[in-house]
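Next comes target.txt, with compact mmCIF, C-alpha atoms.
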```txt
# COMPACT_ATOMS: atom_id res chain seq x y z
CA MET A 1216 -106.93 -62.91 -29.91
CA ALA A 1217 -103.48 -64.19 -30.41
CA ASP A 1218 -101.30 -65.34 -27.56
CA VAL A 1219 -98.81 -62.95 -26.15
CA GLY A 1220 -95.99 -65.29 -27.06
CA ASP A 1221 -96.98 -65.17 -30.65
CA GLN A 1222 -96.58 -61.44 -30.89
CA ARG A 1223 -93.40 -60.13 -32.67
CA PRO A 1224 -91.40 -57.22 -31.42
CA SER A 1225 -91.72 -53.93 -33.16
CA TYR A 1226 -87.96 -53.63 -33.93
CA ASP A 1227 -86.10 -55.31 -36.71
CA SER A 1228 -84.57 -58.64 -36.24
CA PRO A 1229 -80.81 -58.84 -35.58
CA THR A 1230 -80.49 -60.39 -38.93
CA THR A 1231 -81.82 -57.30 -40.60
CA PRO A 1232 -78.86 -55.72 -42.47
CA PHE A 1233 -77.62 -52.23 -41.39
CA ARG A 1234 -78.14 -49.39 -43.75
CA LYS A 1235 -74.84 -48.05 -45.10
CA ILE A 1236 -74.55 -44.36 -44.66
CA VAL A 1237 -72.20 -42.63 -47.08
CA LEU A 1238 -71.00 -39.11 -46.28
CA PRO A 1239 -69.69 -36.66 -48.79
CA ALA A 1240 -65.96 -36.86 -49.37
CA GLU A 1241 -65.09 -33.56 -47.61
CA GLU A 1242 -67.66 -33.62 -44.92
CA THR A 1243 -66.33 -33.88 -41.39
CA VAL A 1244 -68.29 -35.22 -38.56
CA GLN A 1245 -67.77 -33.25 -35.35
CA ILE A 1246 -68.70 -34.75 -32.06
CA PRO A 1247 -69.57 -32.08 -29.56
CA ARG A 1248 -67.56 -32.09 -26.30
CA PRO A 1249 -69.63 -32.33 -23.19
CA PRO A 1250 -69.77 -29.00 -21.37
CA GLY A 1251 -67.16 -28.47 -18.60
CA GLN A 1252 -64.83 -31.18 -19.81
CA VAL A 1253 -61.17 -30.06 -20.20
CA PRO A 1254 -59.11 -31.90 -22.74
CA LEU A 1255 -56.30 -33.93 -21.32
CA GLN A 1256 -52.86 -32.58 -22.22
CA ARG A 1257 -49.53 -34.18 -21.68
CA PRO A 1258 -47.24 -31.93 -19.56
CA ILE A 1259 -44.45 -30.31 -21.50
CA VAL A 1260 -41.09 -31.29 -20.07
CA PRO A 1261 -38.14 -29.12 -21.22
CA PRO A 1262 -35.29 -31.12 -22.64
CA GLU A 1263 -32.26 -31.51 -20.40
CA PRO A 1264 -29.37 -29.27 -21.46
CA PRO A 1265 -26.53 -31.20 -22.95
CA SER A 1266 -23.52 -31.62 -20.67
CA ARG A 1267 -20.61 -29.37 -21.57
CA GLY A 1268 -16.95 -30.07 -21.50
CA ILE A 1269 -13.98 -27.69 -21.55
CA GLY A 1270 -14.11 -27.65 -25.30
CA ASP A 1271 -17.66 -26.24 -25.21
CA ILE A 1272 -16.65 -23.15 -23.09
CA PRO A 1273 -16.51 -20.00 -25.23
CA ILE A 1274 -12.98 -18.81 -25.96
CA ARG A 1275 -13.77 -15.36 -24.51
CA ALA A 1276 -14.60 -16.92 -21.16
CA LEU A 1277 -11.26 -18.74 -21.17
CA TYR A 1278 -9.38 -15.50 -21.95
CA LEU A 1279 -11.25 -13.67 -19.18
CA LEU A 1280 -10.48 -16.39 -16.63
CA GLY A 1281 -6.82 -16.38 -17.63
CA ALA A 1282 -6.60 -12.59 -17.29
CA ILE A 1283 -8.12 -12.71 -13.80
CA LEU A 1284 -5.70 -15.42 -12.65
CA ALA A 1285 -2.73 -13.51 -14.11
CA THR A 1286 -3.77 -10.29 -12.33
CA VAL A 1287 -4.14 -12.04 -8.97
CA ALA A 1288 -0.74 -13.69 -9.39
CA ALA A 1289 0.91 -10.36 -10.33
CA VAL A 1290 -0.51 -8.58 -7.29
CA ALA A 1291 0.65 -11.39 -4.99
CA LEU A 1292 4.13 -11.25 -6.54
CA VAL A 1293 4.39 -7.48 -6.00
CA PHE A 1294 3.56 -7.90 -2.30
CA VAL A 1295 6.16 -10.65 -1.96
CA LEU A 1296 8.95 -8.75 -3.73
CA PHE A 1297 8.41 -5.27 -2.36
CA SER A 1298 7.19 -5.81 1.19
CA GLY A 1299 9.92 -4.48 3.49
CA ASP A 1300 11.07 -6.23 6.61
CA VAL A 1301 9.38 -4.46 9.52
CA PRO A 1302 11.73 -4.07 12.51
CA THR A 1303 11.37 -6.88 15.04
CA SER A 1304 10.84 -4.27 17.74
CA GLN A 1305 7.91 -2.69 15.91
CA GLU A 1306 4.73 -2.28 17.91
CA PRO A 1307 1.65 -4.23 16.70
CA GLY A 1308 -0.66 -2.37 14.36
CA GLU A 1309 1.90 0.16 13.16
CA GLU A 1310 1.71 1.04 9.50
CA VAL A 1311 4.60 0.74 7.09
CA VAL A 1312 5.66 4.03 5.49
CA ARG A 1313 7.76 4.32 2.38
CA VAL A 1314 9.55 7.24 0.72
CA ALA A 1315 11.87 7.76 -2.22
CA PRO A 1316 15.16 5.81 -2.28
CA VAL A 1317 18.49 7.30 -1.28
CA PRO A 1318 20.02 9.27 -4.14
CA THR A 1319 23.55 8.26 -5.11
CA SER A 1320 26.47 10.28 -6.36
CA ALA A 1321 26.77 8.15 -9.48
CA THR A 1322 26.92 10.04 -12.78
CA PRO A 1323 23.43 9.99 -14.38
CA GLU A 1324 22.98 8.69 -17.90
CA PRO A 1325 22.83 11.44 -20.56
CA SER A 1326 19.35 12.29 -21.81
CA ALA A 1327 17.98 14.20 -24.79
CA THR A 1328 16.29 16.73 -22.50
CA PRO A 1329 18.68 19.20 -20.86
CA THR A 1330 18.52 19.28 -17.07
CA VAL A 1331 19.01 22.18 -14.70
CA THR A 1332 22.25 21.83 -12.75
CA GLU A 1333 21.67 22.13 -9.00
CA SER A 1334 23.80 24.59 -7.10
CA PRO A 1335 26.35 22.82 -4.91
CA ILE A 1336 25.65 22.81 -1.17
CA VAL A 1337 28.38 24.94 0.41
CA LEU A 1338 29.00 24.11 4.07
CA PRO A 1339 31.13 26.00 6.59
CA PRO A 1340 34.48 24.46 7.55
CA VAL A 1341 34.09 21.47 9.87
CA PRO A 1342 35.81 21.79 13.28
CA GLU A 1343 38.39 19.10 13.88
CA SER A 1344 36.98 18.69 17.37
CA LYS A 1345 33.92 20.17 19.07
CA ALA A 1346 32.16 18.70 22.10
CA TYR A 1347 28.45 17.95 21.77
CA ALA A 1348 26.79 20.27 24.32
CA ASN A 1349 23.59 19.07 25.95
CA LEU A 1350 20.65 20.31 23.91
CA PRO A 1351 17.50 21.70 25.55
CA GLY A 1352 14.50 19.49 26.23
CA LYS A 1353 14.00 16.24 28.13
CA ALA A 1354 15.58 13.03 26.88
CA SER A 1355 13.14 10.27 25.97
CA ALA A 1356 13.39 6.97 27.81
CA VAL A 1357 15.40 4.26 26.05
CA ILE A 1358 13.12 1.21 25.93
CA ASN A 1359 15.24 -1.10 23.79
CA THR A 1360 18.12 -1.31 21.34
CA ILE A 1361 17.58 -1.31 17.59
CA SER A 1362 20.00 -3.70 15.89
CA ASP A 1363 20.17 -2.80 12.21
CA LYS A 1364 21.71 -5.98 10.80
CA GLU A 1365 21.46 -4.65 7.25
CA SER A 1366 23.68 -1.65 8.04
CA GLY A 1367 25.69 -3.26 10.86
CA ILE A 1368 25.05 -0.80 13.70
CA SER A 1369 22.93 -0.56 16.85
CA TYR A 1370 21.46 2.46 18.62
CA PRO A 1371 18.75 3.29 21.20
CA ARG A 1372 15.10 2.68 20.55
CA LEU A 1373 13.29 5.67 22.03
CA ALA A 1374 9.97 5.58 23.88
CA SER A 1375 6.67 7.02 22.60
CA PRO A 1376 5.91 9.25 20.77
CA TRP A 1377 8.76 7.82 18.71
CA LYS A 1378 7.60 4.94 16.50
CA ALA A 1379 9.99 2.41 14.94
CA ARG A 1380 9.00 1.60 11.37
CA ASP A 1381 10.23 0.18 8.10
CA PHE A 1382 10.96 3.47 6.35
CA PRO A 1383 13.01 3.47 3.10
CA PRO A 1384 15.46 4.94 2.20
CA TYR A 1385 16.51 3.94 5.72
CA ALA A 1386 16.87 0.30 6.70
CA ILE A 1387 15.10 1.13 9.99
CA ALA A 1388 13.75 4.44 11.24
CA GLN A 1389 11.98 6.07 14.17
CA ARG A 1390 9.58 8.92 13.48
CA ILE A 1391 7.28 11.40 15.20
CA GLY A 1392 4.28 12.96 13.46
CA LYS A 1393 3.36 13.08 9.80
CA LEU A 1394 5.59 12.61 6.78
CA ASP A 1395 6.71 16.06 5.70
CA ILE A 1396 9.75 18.16 4.82
CA PRO A 1397 11.44 18.62 7.19
CA GLN A 1398 10.37 15.73 9.39
CA THR A 1399 11.25 14.39 12.81
CA VAL A 1400 13.18 11.22 12.06
CA VAL A 1401 16.02 8.96 13.22
CA GLY A 1402 17.19 6.55 10.54
CA SER A 1403 20.01 4.13 9.82
CA ALA A 1404 21.34 3.01 6.45
CA MET A 1405 24.57 2.53 4.58
CA PHE A 1406 26.27 5.78 3.55
CA PRO A 1407 24.13 7.32 0.74
CA GLY A 1408 26.49 7.31 -2.18
CA ASP A 1409 29.18 5.36 -3.94
CA SER A 1410 31.76 3.52 -1.88
CA PRO A 1411 35.02 5.38 -1.30
CA ALA A 1412 37.91 4.46 -3.56
CA LYS A 1413 39.50 2.76 -0.57
CA LYS A 1414 38.40 1.94 2.94
CA PRO A 1415 38.71 4.97 5.25
CA SER A 1416 41.46 4.64 7.82
CA SER A 1417 41.80 7.93 9.70
CA ASN A 1418 39.53 10.20 11.70
CA ALA A 1419 39.93 12.81 8.96
CA ASP A 1420 38.59 10.32 6.39
CA TYR A 1421 35.50 9.59 8.46
CA ARG A 1422 35.00 13.29 9.23
CA GLU A 1423 34.98 14.02 5.50
CA ILE A 1424 32.46 11.25 4.84
CA ALA A 1425 30.25 12.54 7.69
CA THR A 1426 30.39 15.99 6.07
CA ASP A 1427 29.17 14.50 2.77
CA ALA A 1428 26.32 12.78 4.65
CA ALA A 1429 25.29 16.10 6.22
CA ARG A 1430 25.41 17.74 2.78
CA TRP A 1431 23.12 15.00 1.45
CA ALA A 1432 20.73 15.61 4.36
CA ILE A 1433 20.58 19.36 3.69
CA ARG A 1434 19.75 18.68 0.03
CA THR A 1435 17.13 15.99 0.59
CA GLN A 1436 15.60 16.52 4.04
CA TYR A 1437 15.05 20.29 4.17
CA PRO A 1438 13.51 23.02 1.98
CA LYS A 1439 15.71 24.59 -0.66
CA GLY A 1440 17.93 27.35 0.67
CA ALA A 1441 18.51 25.76 4.10
CA THR A 1442 21.79 26.65 5.80
CA LEU A 1443 23.87 24.78 8.37
CA GLU A 1444 25.86 25.61 11.51
CA TRP A 1445 28.06 22.98 13.19
CA THR A 1446 27.30 22.21 16.84
CA ALA A 1447 29.52 19.13 17.36
CA SER A 1448 32.42 17.28 15.76
CA LYS A 1449 33.86 14.26 17.53
CA LYS A 1450 34.98 10.67 17.18
CA VAL A 1451 32.29 8.05 17.75
CA SER A 1452 32.13 6.59 21.25
CA LEU A 1453 32.93 3.02 20.15
CA GLY A 1454 34.71 1.76 17.07
CA LYS A 1455 35.93 3.82 14.11
CA GLY A 1456 33.89 6.69 12.74
CA TRP A 1457 32.83 10.30 13.23
CA THR A 1458 29.83 12.20 14.58
CA LEU A 1459 28.74 15.69 13.51
CA GLY A 1460 26.05 17.79 15.15
CA TYR A 1461 24.49 20.73 13.30
CA LYS A 1462 21.70 23.29 13.43
CA VAL A 1463 19.70 23.88 10.24
CA THR A 1464 17.97 27.18 9.47
CA PHE A 1465 15.27 27.10 6.79
CA THR A 1466 12.11 28.88 5.68
CA SER A 1467 8.78 27.04 5.72
CA GLY A 1468 5.35 28.62 5.23
CA GLY A 1469 6.97 32.04 4.97
CA LYS A 1470 8.45 31.68 8.45
CA GLU A 1471 12.09 31.11 9.39
CA GLN A 1472 12.53 27.98 11.49
CA VAL A 1473 15.38 25.88 12.86
CA ALA A 1474 16.07 22.19 13.38
CA GLN A 1475 18.69 20.33 15.37
CA ALA A 1476 20.33 17.34 13.69
CA MET A 1477 23.22 14.88 13.88
CA VAL A 1478 24.94 12.28 11.73
CA SER A 1479 27.36 9.48 12.59
CA VAL A 1480 29.31 7.38 10.09
CA ILE A 1481 30.75 4.13 11.46
CA GLU A 1482 33.13 1.51 10.11
CA VAL A 1483 31.35 -1.85 9.82
CA GLY A 1484 33.97 -3.99 8.07
CA LYS A 1485 33.19 -2.73 4.57
CA THR A 1486 34.65 -0.07 2.30
CA LYS A 1487 31.44 1.94 2.69
CA PRO A 1488 30.55 2.91 6.28
CA ALA A 1489 27.14 2.73 7.92
CA MET A 1490 25.25 5.92 8.78
CA LEU A 1491 22.90 7.04 11.57
CA ILE A 1492 21.17 10.32 10.85
CA ALA A 1493 18.61 12.29 12.87
CA SER A 1494 16.71 15.55 12.45
CA ILE A 1495 14.24 17.22 14.82
CA PRO A 1496 12.58 20.49 13.70
CA GLU A 1497 11.65 23.02 16.38
CA ALA A 1498 8.01 21.85 16.31
CA ASN A 1499 9.36 18.93 18.38
CA LYS A 1500 12.16 20.80 20.17
CA ALA A 1501 11.15 19.12 23.41
CA ARG A 1502 12.92 16.04 21.88
CA TRP A 1503 16.20 17.77 20.99
CA ARG A 1504 18.02 16.14 23.93
CA ASP A 1505 17.44 12.74 22.22
CA LEU A 1506 20.18 13.69 19.75
CA ASN A 1507 22.71 13.59 22.60
CA THR A 1508 21.46 10.11 23.54
CA LEU A 1509 21.84 8.81 19.98
CA ALA A 1510 25.30 10.32 19.47
CA ALA A 1511 26.56 8.78 22.71
CA GLN A 1512 25.18 5.25 22.18
CA VAL A 1513 25.44 4.43 18.46
CA ARG A 1514 27.98 1.67 17.82
CA PRO A 1515 28.86 -1.17 15.41
CA LEU A 1516 27.28 -4.60 15.94
```
Taking this structure as input, can you express it in the form of structure tokens?
Amino acid sequence: MADVGDQRPSYDSPTTPFRKIVLPAEETVQIPRPPGQVPLQRPIVPPEPPSRGIGDIPIRALYLLGAILATVAAVALVFVLFSGDVPTSQEPGEEVVRVAPVPTSATPEPSATPTVTESPIVLPPVPESKAYANLPGKASAVINTISDKESGISYPRLASPWKARDFPPYAIAQRIGKLDIPQTVVGSAMFPGDSPAKKPSSNADYREIATDAARWAIRTQYPKGATLEWTASKKVSLGKGWTLGYKVTFTSGGKEQVAQAMVSVIEVGKTKPAMLIASIPEANKARWRDLNTLAAQVRPL
């Protein structure tokens, strides 16, 4: 029996050459994946968007931005140009009310469309002198003085329910209630029309101008067909000028109504005089006595 050390192993010697295995040209060897093993994948990272400059912004976006900026600028400009000066004595929180501008007596430009000629306002003869009788009602308290520096006159500021407001066509106005025709209003402005050919010098001149102011009020502040009756005609209390008081009869809502009113024209160092005008329909007849207060205390600055 041979020694154990003399026995040869049953496998080939390392020197035994490997057998070369040749696969067909198109044969693919697939190595099965062990079950449960998930293939490793590299996470997909989205590319960073390229940085954009002004030149990369679409032209439509630039036009839109420009239009927005232009609109904002236009709105701001409108507020700057057309915001009226609220009276310094105005109470906080009061709204600003605006109406149509004062019509002038200037000749309108001819147009292709024919216009209907308005009937002239015929007024009764103005008394050369007529005292202003005390009107019914209770006079409002005078809480301050309104100094209209634009027109050059001052007059009483009346207590509530009167409210002082910026109220074109007047430089400054006091009102009660809603905006309507007719309305309860006290307003100051320059005479509504062209300047006289020369500066008035006599009481008769100022009385004539005051009559024109009352005619303008009848045309613009009351319903069509309103008529007038004079209740006062006198020189202003201080300075040069004239005051007229009048009662207006008109029809509103199918019902005949009346209003008490007054107008003063005052010399303020210019060819055109300043004007204080007031109208109180009978809905507020408890305030009619305020017209006496205004007529007595209006004066140049």
Practice item. Go through A:Gln1512, A:Ser1334, A:Gln1475, A:Ser1366 one by one, measure the shortest atom-to-atom distance of each to Ala1447 (chain A) using all atoms listed in the file, and give the residue with the smallest value. Key: A:Gln1475
Give me, as JSON lines, the closest atom pair and its distance (Å, one decimal) for every residue of region 1398-1481 of chain A within a cut-off of 9 Å of region 1506-1510 of chain A, counting all atoms listed in the file, rows sorted by chain and rising number.
```
{"residue": "A:Val1401", "atom": "CA", "partner": "A:Leu1509", "partner_atom": "CA", "distance": 8.9}
{"residue": "A:Val1451", "atom": "CA", "partner": "A:Ala1510", "partner_atom": "CA", "distance": 7.5}
{"residue": "A:Ser1452", "atom": "CA", "partner": "A:Ala1510", "partner_atom": "CA", "distance": 8.0}
{"residue": "A:Thr1458", "atom": "CA", "partner": "A:Ala1510", "partner_atom": "CA", "distance": 6.9}
{"residue": "A:Leu1459", "atom": "CA", "partner": "A:Ala1510", "partner_atom": "CA", "distance": 8.7}
{"residue": "A:Gly1460", "atom": "CA", "partner": "A:Leu1506", "partner_atom": "CA", "distance": 8.5}
{"residue": "A:Gln1475", "atom": "CA", "partner": "A:Leu1506", "partner_atom": "CA", "distance": 8.1}
{"residue": "A:Ala1476", "atom": "CA", "partner": "A:Leu1506", "partner_atom": "CA", "distance": 7.1}
{"residue": "A:Met1477", "atom": "CA", "partner": "A:Leu1506", "partner_atom": "CA", "distance": 6.7}
{"residue": "A:Val1478", "atom": "CA", "partner": "A:Ala1510", "partner_atom": "CA", "distance": 8.0}
{"residue": "A:Ser1479", "atom": "CA", "partner": "A:Ala1510", "partner_atom": "CA", "distance": 7.2}
```
Check your understanding: When distances are computed from only C-alpha atoms, which of A:Pro1351, A:Gly1468, A:Gly1454, A:Pro1488 shows the smallest separation from Ala1428 (chain A)?
Key ->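 Of the candidates, the smallest distance to Ala1428 (chain A) is held by A:Pro1488.
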Revision key, fill the gap. Among A:Tyr1370, A:Tyr1421, A:Tyr1385, A:Trp1503, Leu1516 (chain A) is approached most closely, using only C-alpha atoms, by A:Tyr1370
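Nearest-residue note for Ser1494 (chain A): choosing from A:Thr1360, A:Pro1438, A:Lys1462, A:Ile1368, the minimum distance belongs to A:Lys1462, counting only C-alpha atoms.
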Practice item. Tell me which of A:Ala1379, A:Ala1346, A:Ala1404, A:Ile1336 sits closest to Trp1445 (chain A), counting all atoms listed in the file. Key: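 For Trp1445 (chain A), the nearest of the candidates is A:Ala1346.
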